>>> print(open('query_30.cif').read())   # mmCIF, C-alpha atoms
data_model
#
loop_
_atom_site.group_PDB
_atom_site.id
_atom_site.type_symbol
_atom_site.label_atom_id
_atom_site.label_comp_id
_atom_site.auth_asym_id
_atom_site.auth_seq_id
_atom_site.Cartn_x
_atom_site.Cartn_y
_atom_site.Cartn_z
ATOM 1 C CA MET A 1 56.897 32.890 41.221
ATOM 2 C CA SER A 2 57.347 33.646 44.922
ATOM 3 C CA LYS A 3 57.954 31.003 47.578
ATOM 4 C CA ILE A 4 55.750 30.504 50.654
ATOM 5 C CA PRO A 5 57.483 29.202 53.807
ATOM 6 C CA PHE A 6 55.387 26.573 55.601
ATOM 7 C CA THR A 7 55.566 24.242 58.566
ATOM 8 C CA LYS A 8 53.989 20.807 58.633
ATOM 9 C CA MET A 9 52.719 19.689 62.048
ATOM 10 C CA HIS A 10 50.464 16.983 63.424
ATOM 11 C CA GLY A 11 48.356 16.316 66.474
ATOM 12 C CA CYS A 12 47.862 12.566 66.941
ATOM 13 C CA GLY A 13 48.480 12.089 63.229
ATOM 14 C CA ASN A 14 45.964 14.748 62.130
ATOM 15 C CA ASP A 15 48.422 16.646 59.915
ATOM 16 C CA TYR A 16 48.146 20.144 58.487
ATOM 17 C CA ILE A 17 50.255 22.679 56.632
ATOM 18 C CA TYR A 18 50.740 25.871 58.695
ATOM 19 C CA VAL A 19 51.515 29.280 57.214
ATOM 20 C CA ASN A 20 52.034 32.536 59.100
ATOM 21 C CA VAL A 21 50.005 34.753 56.766
ATOM 22 C CA SER A 22 50.819 37.904 58.719
ATOM 23 C CA GLN A 23 54.245 37.572 57.066
ATOM 24 C CA HIS A 24 53.365 35.526 53.979
ATOM 25 C CA PRO A 25 49.836 36.215 52.667
ATOM 26 C CA ILE A 26 48.088 33.607 50.522
ATOM 27 C CA ASP A 27 45.828 35.021 47.808
ATOM 28 C CA ASP A 28 43.792 31.850 47.182
ATOM 29 C CA PRO A 29 43.772 29.574 50.260
ATOM 30 C CA ILE A 30 41.122 27.304 48.746
ATOM 31 C CA GLN A 31 43.284 26.324 45.781
ATOM 32 C CA ALA A 32 46.377 26.251 47.990
ATOM 33 C CA ALA A 33 44.696 23.768 50.338
ATOM 34 C CA ILE A 34 43.648 21.531 47.445
ATOM 35 C CA ARG A 35 47.023 21.504 45.694
ATOM 36 C CA TRP A 36 49.336 21.441 48.691
ATOM 37 C CA SER A 37 47.335 18.780 50.577
ATOM 38 C CA ASP A 38 47.677 16.274 47.731
ATOM 39 C CA ARG A 39 49.718 13.397 49.152
ATOM 40 C CA HIS A 40 51.177 12.460 45.764
ATOM 41 C CA LYS A 41 51.709 15.810 44.026
ATOM 42 C CA GLY A 42 51.887 18.252 46.934
ATOM 43 C CA ILE A 43 53.149 18.434 50.492
ATOM 44 C CA GLY A 44 50.504 16.035 51.746
ATOM 45 C CA SER A 45 48.135 16.874 54.593
ATOM 46 C CA ASP A 46 44.584 16.918 55.878
ATOM 47 C CA GLY A 47 44.417 20.620 55.013
ATOM 48 C CA LEU A 48 45.868 24.106 55.316
ATOM 49 C CA VAL A 49 45.911 26.308 58.433
ATOM 50 C CA LEU A 50 46.456 30.062 58.272
ATOM 51 C CA ILE A 51 47.875 31.758 61.380
ATOM 52 C CA ASP A 52 47.406 35.518 61.652
ATOM 53 C CA LYS A 53 47.170 38.410 64.059
ATOM 54 C CA SER A 54 43.777 38.826 65.662
ATOM 55 C CA PRO A 55 41.542 41.593 64.278
ATOM 56 C CA ILE A 56 39.807 41.888 67.666
ATOM 57 C CA PRO A 57 41.251 42.714 71.118
ATOM 58 C CA GLU A 58 39.562 39.704 72.742
ATOM 59 C CA ALA A 59 42.043 37.333 71.042
ATOM 60 C CA ASP A 60 45.832 37.182 70.640
ATOM 61 C CA PHE A 61 45.927 35.404 67.271
ATOM 62 C CA SER A 62 43.513 34.013 64.690
ATOM 63 C CA MET A 63 43.273 30.845 62.636
ATOM 64 C CA ARG A 64 41.494 29.782 59.481
ATOM 65 C CA ILE A 65 41.446 26.168 58.373
ATOM 66 C CA PHE A 66 40.775 24.749 54.923
ATOM 67 C CA ASN A 67 40.195 21.037 54.421
ATOM 68 C CA ALA A 68 41.973 19.008 51.764
ATOM 69 C CA ASP A 69 39.027 19.556 49.391
ATOM 70 C CA GLY A 70 39.227 23.347 49.837
ATOM 71 C CA SER A 71 36.161 23.678 52.066
ATOM 72 C CA GLU A 72 36.616 25.928 55.094
ATOM 73 C CA ALA A 73 36.126 24.390 58.531
ATOM 74 C CA MET A 74 34.838 26.230 61.576
ATOM 75 C CA MET A 75 37.357 24.828 64.023
ATOM 76 C CA CYS A 76 39.919 22.059 64.524
ATOM 77 C CA GLY A 77 41.036 20.983 67.973
ATOM 78 C CA ASN A 78 44.199 19.231 66.798
ATOM 79 C CA ALA A 79 45.219 22.188 64.649
ATOM 80 C CA SER A 80 44.660 24.634 67.502
ATOM 81 C CA ARG A 81 47.002 22.612 69.743
ATOM 82 C CA CYS A 82 49.656 22.742 67.035
ATOM 83 C CA ILE A 83 49.192 26.500 66.728
ATOM 84 C CA GLY A 84 49.894 26.874 70.450
ATOM 85 C CA LYS A 85 53.169 24.975 70.103
ATOM 86 C CA TYR A 86 54.079 26.871 66.922
ATOM 87 C CA LEU A 87 53.481 30.311 68.440
ATOM 88 C CA TYR A 88 55.416 29.592 71.628
ATOM 89 C CA GLU A 89 58.381 27.657 70.263
ATOM 90 C CA ARG A 90 58.845 29.952 67.257
ATOM 91 C CA GLY A 91 59.040 32.954 69.590
ATOM 92 C CA LEU A 92 55.837 34.668 68.450
ATOM 93 C CA THR A 93 54.562 34.785 72.042
ATOM 94 C CA ASP A 94 55.816 34.053 75.542
ATOM 95 C CA LYS A 95 52.310 33.443 76.862
ATOM 96 C CA THR A 96 51.341 30.003 78.110
ATOM 97 C CA GLU A 97 47.656 30.919 77.903
ATOM 98 C CA ILE A 98 46.719 32.033 74.393
ATOM 99 C CA ARG A 99 43.376 33.276 73.116
ATOM 100 C CA LEU A 100 42.786 32.060 69.564
ATOM 101 C CA LEU A 101 40.075 33.455 67.294
ATOM 102 C CA THR A 102 38.317 30.823 65.167
ATOM 103 C CA LEU A 103 35.130 30.807 63.119
ATOM 104 C CA SER A 104 33.586 29.082 66.171
ATOM 105 C CA GLY A 105 34.607 31.927 68.465
ATOM 106 C CA VAL A 106 37.593 32.559 70.731
ATOM 107 C CA LYS A 107 39.230 29.408 72.138
ATOM 108 C CA THR A 108 41.745 29.392 74.988
ATOM 109 C CA LEU A 109 44.938 27.329 74.658
ATOM 110 C CA LEU A 110 46.671 26.270 77.881
ATOM 111 C CA LEU A 111 50.273 25.278 77.151
ATOM 112 C CA HIS A 112 52.049 22.669 79.301
ATOM 113 C CA VAL A 113 55.704 23.721 78.959
ATOM 114 C CA GLU A 114 58.807 21.860 80.134
ATOM 115 C CA ASN A 115 62.289 23.314 79.506
ATOM 116 C CA ASN A 116 60.836 25.746 76.934
ATOM 117 C CA VAL A 117 59.215 22.903 74.991
ATOM 118 C CA VAL A 118 55.441 22.604 74.694
ATOM 119 C CA LYS A 119 54.755 18.990 75.667
ATOM 120 C CA ARG A 120 50.957 19.099 75.655
ATOM 121 C CA VAL A 121 48.203 21.632 75.050
ATOM 122 C CA THR A 122 44.802 21.821 76.699
ATOM 123 C CA VAL A 123 42.177 23.562 74.593
ATOM 124 C CA ASP A 124 39.051 25.089 76.091
ATOM 125 C CA MET A 125 36.657 24.040 73.354
ATOM 126 C CA GLY A 126 33.711 25.927 74.866
ATOM 127 C CA GLY A 127 30.350 24.383 75.560
ATOM 128 C CA PRO A 128 28.783 21.828 73.214
ATOM 129 C CA ILE A 129 25.662 22.754 71.281
ATOM 130 C CA LEU A 130 23.017 20.159 72.054
ATOM 131 C CA GLU A 131 19.853 21.424 70.418
ATOM 132 C CA ASP A 132 17.643 18.422 69.844
ATOM 133 C CA GLU A 133 17.954 17.600 66.157
ATOM 134 C CA SER A 134 16.953 13.979 66.640
ATOM 135 C CA GLN A 135 13.477 14.439 65.139
ATOM 136 C CA PHE A 136 14.853 16.091 62.006
ATOM 137 C CA ILE A 137 17.631 13.514 61.616
ATOM 138 C CA ALA A 138 15.231 10.609 62.226
ATOM 139 C CA SER A 139 12.799 12.042 59.688
ATOM 140 C CA ARG A 140 15.598 11.787 57.124
ATOM 141 C CA GLY A 141 16.165 8.110 57.862
ATOM 142 C CA LEU A 142 18.824 8.012 60.611
ATOM 143 C CA SER A 143 18.353 6.953 64.218
ATOM 144 C CA GLN A 144 21.383 4.962 65.361
ATOM 145 C CA GLY A 145 23.668 7.851 66.395
ATOM 146 C CA THR A 146 23.970 10.939 68.598
ATOM 147 C CA PHE A 147 24.296 14.423 67.104
ATOM 148 C CA VAL A 148 26.686 16.833 68.863
ATOM 149 C CA SER A 149 27.950 20.201 67.630
ATOM 150 C CA MET A 150 31.342 21.480 68.783
ATOM 151 C CA GLY A 151 31.001 24.508 66.535
ATOM 152 C CA ASN A 152 31.003 21.982 63.696
ATOM 153 C CA PRO A 153 28.573 19.055 63.288
ATOM 154 C CA HIS A 154 29.313 15.502 64.462
ATOM 155 C CA TYR A 155 27.287 12.315 64.371
ATOM 156 C CA VAL A 156 28.579 9.649 66.778
ATOM 157 C CA ILE A 157 27.650 5.984 66.324
ATOM 158 C CA PHE A 158 28.545 3.384 68.961
ATOM 159 C CA THR A 159 29.259 0.049 67.316
ATOM 160 C CA ASP A 160 31.352 -3.119 67.558
ATOM 161 C CA ASN A 161 32.722 -2.372 64.095
ATOM 162 C CA VAL A 162 34.577 0.949 64.020
ATOM 163 C CA ASP A 163 36.340 -0.140 60.827
ATOM 164 C CA GLN A 164 33.216 0.544 58.777
ATOM 165 C CA VAL A 165 34.405 4.168 58.808
ATOM 166 C CA GLY A 166 35.448 4.143 55.148
ATOM 167 C CA GLU A 167 32.329 3.065 53.300
ATOM 168 C CA ALA A 168 29.754 4.142 55.897
ATOM 169 C CA GLY A 169 31.492 7.421 56.750
ATOM 170 C CA ARG A 170 31.544 8.556 53.145
ATOM 171 C CA ALA A 171 27.834 7.829 52.723
ATOM 172 C CA LEU A 172 26.826 9.492 55.995
ATOM 173 C CA GLU A 173 28.796 12.699 55.337
ATOM 174 C CA PHE A 174 26.491 13.377 52.384
ATOM 175 C CA HIS A 175 23.306 11.902 53.884
ATOM 176 C CA PRO A 176 20.154 14.061 53.429
ATOM 177 C CA ALA A 177 19.908 14.304 57.229
ATOM 178 C CA PHE A 178 22.918 16.662 57.087
ATOM 179 C CA PRO A 179 22.272 19.516 54.628
ATOM 180 C CA GLN A 180 25.717 21.014 55.356
ATOM 181 C CA ARG A 181 27.403 17.588 55.475
ATOM 182 C CA CYS A 182 28.712 16.134 58.724
ATOM 183 C CA ASN A 183 31.722 14.655 60.522
ATOM 184 C CA ILE A 184 31.082 11.006 61.400
ATOM 185 C CA GLU A 185 32.533 9.066 64.355
ATOM 186 C CA PHE A 186 32.360 5.300 64.923
ATOM 187 C CA ALA A 187 33.127 4.459 68.556
ATOM 188 C CA HIS A 188 33.444 1.411 70.813
ATOM 189 C CA ILE A 189 33.885 1.242 74.598
ATOM 190 C CA GLU A 190 36.920 -0.915 75.416
ATOM 191 C CA ALA A 191 37.227 -3.112 78.508
ATOM 192 C CA ASP A 192 39.387 -0.523 80.308
ATOM 193 C CA GLY A 193 36.919 2.287 79.584
ATOM 194 C CA THR A 194 38.941 3.821 76.758
ATOM 195 C CA ILE A 195 36.739 4.810 73.830
ATOM 196 C CA ARG A 196 38.186 3.507 70.571
ATOM 197 C CA THR A 197 37.111 5.886 67.822
ATOM 198 C CA ARG A 198 37.598 6.177 64.080
ATOM 199 C CA VAL A 199 36.710 9.355 62.219
ATOM 200 C CA TRP A 200 35.426 10.380 58.824
ATOM 201 C CA GLU A 201 36.026 14.147 58.621
ATOM 202 C CA ARG A 202 33.819 16.322 56.478
ATOM 203 C CA GLY A 203 35.910 17.435 53.520
ATOM 204 C CA SER A 204 38.946 15.254 54.306
ATOM 205 C CA GLY A 205 37.753 11.649 54.644
ATOM 206 C CA ILE A 206 39.396 9.248 57.101
ATOM 207 C CA THR A 207 41.874 11.073 59.327
ATOM 208 C CA GLN A 208 44.235 9.851 62.025
ATOM 209 C CA ALA A 209 42.478 11.980 64.645
ATOM 210 C CA CYS A 210 39.927 14.753 65.057
ATOM 211 C CA GLY A 211 39.919 16.993 68.124
ATOM 212 C CA THR A 212 36.323 18.162 67.870
ATOM 213 C CA GLY A 213 35.361 14.576 66.996
ATOM 214 C CA ALA A 214 37.010 13.313 70.172
ATOM 215 C CA CYS A 215 35.047 15.880 72.169
ATOM 216 C CA ALA A 216 31.786 14.957 70.465
ATOM 217 C CA THR A 217 32.436 11.260 71.101
ATOM 218 C CA ALA A 218 33.107 11.829 74.812
ATOM 219 C CA ILE A 219 29.934 13.916 75.146
ATOM 220 C CA ALA A 220 27.851 11.332 73.276
ATOM 221 C CA ALA A 221 29.241 8.597 75.547
ATOM 222 C CA PHE A 222 28.204 10.579 78.620
ATOM 223 C CA LEU A 223 24.770 11.453 77.255
ATOM 224 C CA THR A 224 24.042 7.811 76.458
ATOM 225 C CA GLY A 225 25.288 6.533 79.825
ATOM 226 C CA ARG A 226 28.371 4.800 78.447
ATOM 227 C CA ALA A 227 31.000 6.916 80.238
ATOM 228 C CA GLY A 228 31.522 9.634 82.808
ATOM 229 C CA ARG A 229 32.573 13.215 82.202
ATOM 230 C CA LYS A 230 36.225 12.272 81.652
ATOM 231 C CA SER A 231 37.227 9.984 78.795
ATOM 232 C CA ASN A 232 40.308 8.895 76.914
ATOM 233 C CA ILE A 233 39.542 8.781 73.200
ATOM 234 C CA ALA A 234 41.889 6.415 71.323
ATOM 235 C CA MET A 235 42.020 7.370 67.655
ATOM 236 C CA ASP A 236 44.136 5.960 64.833
ATOM 237 C CA GLY A 237 46.973 8.453 65.469
ATOM 238 C CA GLY A 238 46.948 8.639 69.260
ATOM 239 C CA THR A 239 44.898 9.280 72.380
ATOM 240 C CA LEU A 240 43.236 12.505 73.518
ATOM 241 C CA SER A 241 41.961 13.200 77.034
ATOM 242 C CA ILE A 242 38.549 14.883 77.177
ATOM 243 C CA GLU A 243 36.720 16.380 80.154
ATOM 244 C CA TRP A 244 33.237 17.890 80.071
ATOM 245 C CA CYS A 245 33.574 20.119 83.118
ATOM 246 C CA GLU A 246 30.811 19.621 85.697
ATOM 247 C CA SER A 247 31.501 22.756 87.782
ATOM 248 C CA ASP A 248 33.717 25.831 87.896
ATOM 249 C CA ARG A 249 37.134 25.212 89.420
ATOM 250 C CA SER A 250 40.723 26.475 89.431
ATOM 251 C CA VAL A 251 43.727 24.222 88.764
ATOM 252 C CA GLU A 252 47.251 25.618 89.168
ATOM 253 C CA GLY A 253 45.942 29.131 88.698
ATOM 254 C CA ARG A 254 43.982 28.272 85.564
ATOM 255 C CA PHE A 255 40.212 28.571 85.510
ATOM 256 C CA PHE A 256 38.070 25.731 84.227
ATOM 257 C CA GLN A 257 34.482 26.680 83.421
ATOM 258 C CA LYS A 258 31.337 24.670 84.028
ATOM 259 C CA ASN A 259 29.893 22.986 80.917
ATOM 260 C CA HIS A 260 33.011 23.694 78.837
ATOM 261 C CA VAL A 261 34.834 20.832 77.152
ATOM 262 C CA TYR A 262 38.604 20.581 77.713
ATOM 263 C CA LYS A 263 40.762 18.571 75.333
ATOM 264 C CA THR A 264 44.377 17.695 76.144
ATOM 265 C CA GLY A 265 46.911 16.106 73.842
ATOM 266 C CA PRO A 266 50.282 16.432 72.102
ATOM 267 C CA ALA A 267 51.384 18.509 69.127
ATOM 268 C CA GLU A 268 54.444 17.821 66.994
ATOM 269 C CA PHE A 269 56.546 19.490 64.312
ATOM 270 C CA VAL A 270 57.155 17.355 61.223
ATOM 271 C CA PHE A 271 59.239 19.579 58.928
ATOM 272 C CA ASP A 272 59.641 23.080 57.460
ATOM 273 C CA GLY A 273 59.852 23.953 53.797
ATOM 274 C CA GLU A 274 58.996 26.339 50.982
ATOM 275 C CA ILE A 275 56.499 25.882 48.179
ATOM 276 C CA ASP A 276 55.520 27.909 45.116
ATOM 277 C CA SER A 277 52.682 30.354 45.789
ATOM 278 C CA ILE A 278 49.344 29.756 44.126
#
>>> encode(input="query_30.cif", output="structure tokens")
Amino acid sequence: MSKIPFTKMHGCGNDYIYVNVSQHPIDDPIQAAIRWSDRHKGIGSDGLVLIDKSPIPEADFSMRIFNADGSEAMMCGNASRCIGKYLYERGLTDKTEIRLLTLSGVKTLLLHVENNVVKRVTVDMGGPILEDESQFIASRGLSQGTFVSMGNPHYVIFTDNVDQVGEAGRALEFHPAFPQRCNIEFAHIEADGTIRTRVWERGSGITQACGTGACATAIAAFLTGRAGRKSNIAMDGGTLSIEWCESDRSVEGRFFQKNHVYKTGPAEFVFDGEIDSI
């Protein structure tokens, strides 16, 4: 049986297994994600991320992400930050602005590099999708939250009890209001304006952080008058800075586009290893 080299990384505690499939193809990523993500019998992670060359000229690289239950996600903000660090520090690119193809479209990664080390990554998450689904959701028995799509669905509930994430998150993921299931965020505005958030991720359960969930929470806070266009989202594994850009502007030669959501945070290597192929 052949061995597959992998790298484990995390962004604010949201940990994934990364494989460069342009060099080491994986025949069955669904089963690989399920087996390798097991925290007792495998490597342990929130899922599996495949890094590859881009099949289209509009992007430099591509990613696919499979949750711990084998379901494929459209996008992951924390994983995309880790990919930026991986590509740059492993010598696969010398670019500090990388175009990454995801199932939610092409995302731009802006690397903040100091002494050849990627300290932080800002991800252009694109514009949120805010079609009014409130009537449909309410007709299925829910009315306490705000629905936001960041290429994947999120339902944000502001509450004094964010620790209900376990029991309530599990039930809401599979609620009839969400035919394709949903990511659930429980959020509370702290005295200093920080938004304390806990996440139940579709297909993975409680996670230390969720990049798209942080974006959805910041947008929901703005839409409901609880915060401005810039927020710090404090999740179990760390804090992410989110800005929903109000107008076009240029910062240090980098273009920021009106209505796009920009997420900034760290990315870290955990360890490298090899595992039996599936």
>>> resolve_selection(input="query_30.cif", expression="the PyMOL selection byres ((chain A and resi 82-97) around 6)", output="ChimeraX atom specification")
/A:79-81,98,109-111,118,267
>>> axis_aligned_box(input="query_30.cif", around="range 224-227 of chain A", padding_each_side="8 Å", output="JSON")
{"center_x": 27.5, "center_y": 6.3, "center_z": 78.3, "size_x": 23.0, "size_y": 19.0, "size_z": 19.8}
>>> residues_around(input="query_30.cif", residues="range 155-160 of chain A", least_positions_apart="5", cutoff="8 Å", atoms="only C-alpha atoms", output="ChimeraX atom specification")
/A:144-148,182-188,216-217,220
>>> write_last_selection(input="query_30.cif", atoms="C-alpha atoms", output="PDB file, keeping the file's coordinate frame")
ATOM      1  CA  GLN A 144      21.383   4.962  65.361  1.00  0.00           C
ATOM      2  CA  GLY A 145      23.668   7.851  66.395  1.00  0.00           C
ATOM      3  CA  THR A 146      23.970  10.939  68.598  1.00  0.00           C
ATOM      4  CA  PHE A 147      24.296  14.423  67.104  1.00  0.00           C
ATOM      5  CA  VAL A 148      26.686  16.833  68.863  1.00  0.00           C
ATOM      6  CA  CYS A 182      28.712  16.134  58.724  1.00  0.00           C
ATOM      7  CA  ASN A 183      31.722  14.655  60.522  1.00  0.00           C
ATOM      8  CA  ILE A 184      31.082  11.006  61.400  1.00  0.00           C
ATOM      9  CA  GLU A 185      32.533   9.066  64.355  1.00  0.00           C
ATOM     10  CA  PHE A 186      32.360   5.300  64.923  1.00  0.00           C
ATOM     11  CA  ALA A 187      33.127   4.459  68.556  1.00  0.00           C
ATOM     12  CA  HIS A 188      33.444   1.411  70.813  1.00  0.00           C
ATOM     13  CA  ALA A 216      31.786  14.957  70.465  1.00  0.00           C
ATOM     14  CA  THR A 217      32.436  11.260  71.101  1.00  0.00           C
ATOM     15  CA  ALA A 220      27.851  11.332  73.276  1.00  0.00           C
TER      16      ALA A 220
END
>>> resolve_selection(input="query_30.cif", expression="the PyMOL selection byres ((chain A and resi 231) around 12)", output="ChimeraX atom specification")
/A:189-190,192-197,214-222,226-230,232-234,239-245,261-264
>>> resolve_selection(input="query_30.cif", expression="the PyMOL selection byres ((chain A and resi 165) around 8)", output="short mmCIF file (atom, residue, chain, number, x, y, z; two decimals) with C-alpha atoms, in the coordinates of the input")
data_model
loop_
_atom_site.label_atom_id
_atom_site.label_comp_id
_atom_site.auth_asym_id
_atom_site.auth_seq_id
_atom_site.Cartn_x
_atom_site.Cartn_y
_atom_site.Cartn_z
CA VAL A 162 34.58 0.95 64.02
CA ASP A 163 36.34 -0.14 60.83
CA GLN A 164 33.22 0.54 58.78
CA GLY A 166 35.45 4.14 55.15
CA GLU A 167 32.33 3.06 53.30
CA ALA A 168 29.75 4.14 55.90
CA GLY A 169 31.49 7.42 56.75
CA ARG A 170 31.54 8.56 53.14
CA GLU A 185 32.53 9.07 64.36
CA PHE A 186 32.36 5.30 64.92
CA ARG A 198 37.60 6.18 64.08
CA VAL A 199 36.71 9.36 62.22
CA TRP A 200 35.43 10.38 58.82
CA ILE A 206 39.40 9.25 57.10
#
>>> atom_distance(input="query_30.cif", atom1="CA of Ala73 in chain A", atom2="CA of Gly151 in chain A")
9.5 Å
>>> atom_distance(input="query_30.cif", atom1="CA of Leu103 in chain A", atom2="CA of Asn20 in chain A")
17.5 Å
>>> closest_residue(input="query_30.cif", among="A:Ser45, A:Gln135, A:Ser277, A:Asn115", to="Ser204 in chain A", atoms="all atoms listed in the file")
A:Ser45
>>> closest_residue(input="query_30.cif", among="A:Asn259, A:Thr207, A:Asn78, A:Ser143", to="Leu130 in chain A", atoms="all atoms listed in the file")
A:Asn259
>>> residues_near_point(input="query_30.cif", point="(40.4, 32.7, 57.3)", cutoff="9 Å", atoms="all atoms listed in the file", output="ChimeraX atom specification")
/A:29,49-52,62-66,72,102-103
>>> write_last_selection(input="query_30.cif", atoms="C-alpha atoms", output="PDB file, in the frame of the given file")
ATOM      1  CA  PRO A  29      43.772  29.574  50.260  1.00  0.00           C
ATOM      2  CA  VAL A  49      45.911  26.308  58.433  1.00  0.00           C
ATOM      3  CA  LEU A  50      46.456  30.062  58.272  1.00  0.00           C
ATOM      4  CA  ILE A  51      47.875  31.758  61.380  1.00  0.00           C
ATOM      5  CA  ASP A  52      47.406  35.518  61.652  1.00  0.00           C
ATOM      6  CA  SER A  62      43.513  34.013  64.690  1.00  0.00           C
ATOM      7  CA  MET A  63      43.273  30.845  62.636  1.00  0.00           C
ATOM      8  CA  ARG A  64      41.494  29.782  59.481  1.00  0.00           C
ATOM      9  CA  ILE A  65      41.446  26.168  58.373  1.00  0.00           C
ATOM     10  CA  PHE A  66      40.775  24.749  54.923  1.00  0.00           C
ATOM     11  CA  GLU A  72      36.616  25.928  55.094  1.00  0.00           C
ATOM     12  CA  THR A 102      38.317  30.823  65.167  1.00  0.00           C
ATOM     13  CA  LEU A 103      35.130  30.807  63.119  1.00  0.00           C
TER      14      LEU A 103
END
>>> residues_around(input="query_30.cif", residues="Phe136 in chain A", least_positions_apart="3", cutoff="12 Å", atoms="all atoms listed in the file", output="list in words")
Glu131, Asp132, Glu133, Ser139, Arg140, Gly141, Leu142, Ser143, Phe147, Pro176, Ala177, Phe178 and Pro179 of chain A
>>> residues_near_point(input="query_30.cif", point="(46.0, 31.9, 49.0)", cutoff="12 Å", atoms="only C-alpha atoms", output="PyMOL selection string")
chain A and resi 4+19-21+24-36+48-50+64-66+70+276-278
>>> closest_residue(input="query_30.cif", among="A:Thr122, A:Ser134, A:Asn14, A:Ser104", to="Asn152 in chain A", atoms="all atoms listed in the file")
A:Ser104
>>> atom_distance(input="query_30.cif", atom1="CA of Val270 in chain A", atom2="CA of Met150 in chain A")
27.2 Å
>>> closest_residue(input="query_30.cif", among="A:His175, A:Arg254, A:His112, A:Lys8", to="Ser37 in chain A", atoms="only C-alpha atoms")
A:Lys8
>>> closest_residue(input="query_30.cif", among="A:Leu101, A:Met9, A:Ala209, A:Val117", to="Asp236 in chain A", atoms="all atoms listed in the file")
A:Ala209
>>> closest_residue(input="query_30.cif", among="A:Met74, A:Ile56, A:Val106, A:Ala191", to="Pro153 in chain A", atoms="all atoms listed in the file")
A:Met74
>>> build_atoms(input="query_30.cif", residues="range 189-201 of chain A", atoms="N, CA, C and O atoms", output="PDB file, in the coordinates of the input")
ATOM      1  N   ILE A 189      33.357   1.176  73.243  1.00  0.00           N
ATOM      2  CA  ILE A 189      33.885   1.242  74.598  1.00  0.00           C
ATOM      3  C   ILE A 189      34.734   0.000  74.857  1.00  0.00           C
ATOM      4  O   ILE A 189      34.232  -1.134  74.817  1.00  0.00           O
ATOM      5  N   GLU A 190      36.030   0.197  75.135  1.00  0.00           N
ATOM      6  CA  GLU A 190      36.920  -0.915  75.416  1.00  0.00           C
ATOM      7  C   GLU A 190      36.756  -1.384  76.867  1.00  0.00           C
ATOM      8  O   GLU A 190      36.135  -0.719  77.693  1.00  0.00           O
ATOM      9  N   ALA A 191      37.373  -2.525  77.175  1.00  0.00           N
ATOM     10  CA  ALA A 191      37.227  -3.112  78.508  1.00  0.00           C
ATOM     11  C   ALA A 191      37.762  -2.196  79.609  1.00  0.00           C
ATOM     12  O   ALA A 191      37.241  -2.189  80.728  1.00  0.00           O
ATOM     13  N   ASP A 192      38.802  -1.416  79.301  1.00  0.00           N
ATOM     14  CA  ASP A 192      39.387  -0.523  80.308  1.00  0.00           C
ATOM     15  C   ASP A 192      38.713   0.844  80.360  1.00  0.00           C
ATOM     16  O   ASP A 192      39.147   1.732  81.084  1.00  0.00           O
ATOM     17  N   GLY A 193      37.642   1.022  79.589  1.00  0.00           N
ATOM     18  CA  GLY A 193      36.919   2.287  79.584  1.00  0.00           C
ATOM     19  C   GLY A 193      37.356   3.262  78.508  1.00  0.00           C
ATOM     20  O   GLY A 193      36.672   4.264  78.256  1.00  0.00           O
ATOM     21  N   THR A 194      38.506   2.992  77.888  1.00  0.00           N
ATOM     22  CA  THR A 194      38.941   3.821  76.758  1.00  0.00           C
ATOM     23  C   THR A 194      37.910   3.716  75.642  1.00  0.00           C
ATOM     24  O   THR A 194      37.315   2.656  75.422  1.00  0.00           O
ATOM     25  N   ILE A 195      37.701   4.811  74.934  1.00  0.00           N
ATOM     26  CA  ILE A 195      36.739   4.810  73.830  1.00  0.00           C
ATOM     27  C   ILE A 195      37.513   4.787  72.511  1.00  0.00           C
ATOM     28  O   ILE A 195      38.127   5.782  72.124  1.00  0.00           O
ATOM     29  N   ARG A 196      37.513   3.648  71.863  1.00  0.00           N
ATOM     30  CA  ARG A 196      38.186   3.507  70.571  1.00  0.00           C
ATOM     31  C   ARG A 196      37.314   4.153  69.510  1.00  0.00           C
ATOM     32  O   ARG A 196      36.126   3.818  69.355  1.00  0.00           O
ATOM     33  N   THR A 197      37.895   5.084  68.762  1.00  0.00           N
ATOM     34  CA  THR A 197      37.111   5.886  67.822  1.00  0.00           C
ATOM     35  C   THR A 197      37.836   6.022  66.485  1.00  0.00           C
ATOM     36  O   THR A 197      39.049   6.255  66.444  1.00  0.00           O
ATOM     37  N   ARG A 198      37.083   5.878  65.409  1.00  0.00           N
ATOM     38  CA  ARG A 198      37.598   6.177  64.080  1.00  0.00           C
ATOM     39  C   ARG A 198      36.716   7.269  63.470  1.00  0.00           C
ATOM     40  O   ARG A 198      35.514   7.328  63.723  1.00  0.00           O
ATOM     41  N   VAL A 199      37.358   8.120  62.659  1.00  0.00           N
ATOM     42  CA  VAL A 199      36.710   9.355  62.219  1.00  0.00           C
ATOM     43  C   VAL A 199      36.694   9.479  60.703  1.00  0.00           C
ATOM     44  O   VAL A 199      37.694   9.210  60.030  1.00  0.00           O
ATOM     45  N   TRP A 200      35.535   9.908  60.210  1.00  0.00           N
ATOM     46  CA  TRP A 200      35.426  10.380  58.824  1.00  0.00           C
ATOM     47  C   TRP A 200      35.166  11.883  58.915  1.00  0.00           C
ATOM     48  O   TRP A 200      34.108  12.311  59.356  1.00  0.00           O
ATOM     49  N   GLU A 201      36.161  12.693  58.509  1.00  0.00           N
ATOM     50  CA  GLU A 201      36.026  14.147  58.621  1.00  0.00           C
ATOM     51  C   GLU A 201      35.409  14.733  57.361  1.00  0.00           C
ATOM     52  O   GLU A 201      35.808  14.394  56.237  1.00  0.00           O
TER      53      GLU A 201
END
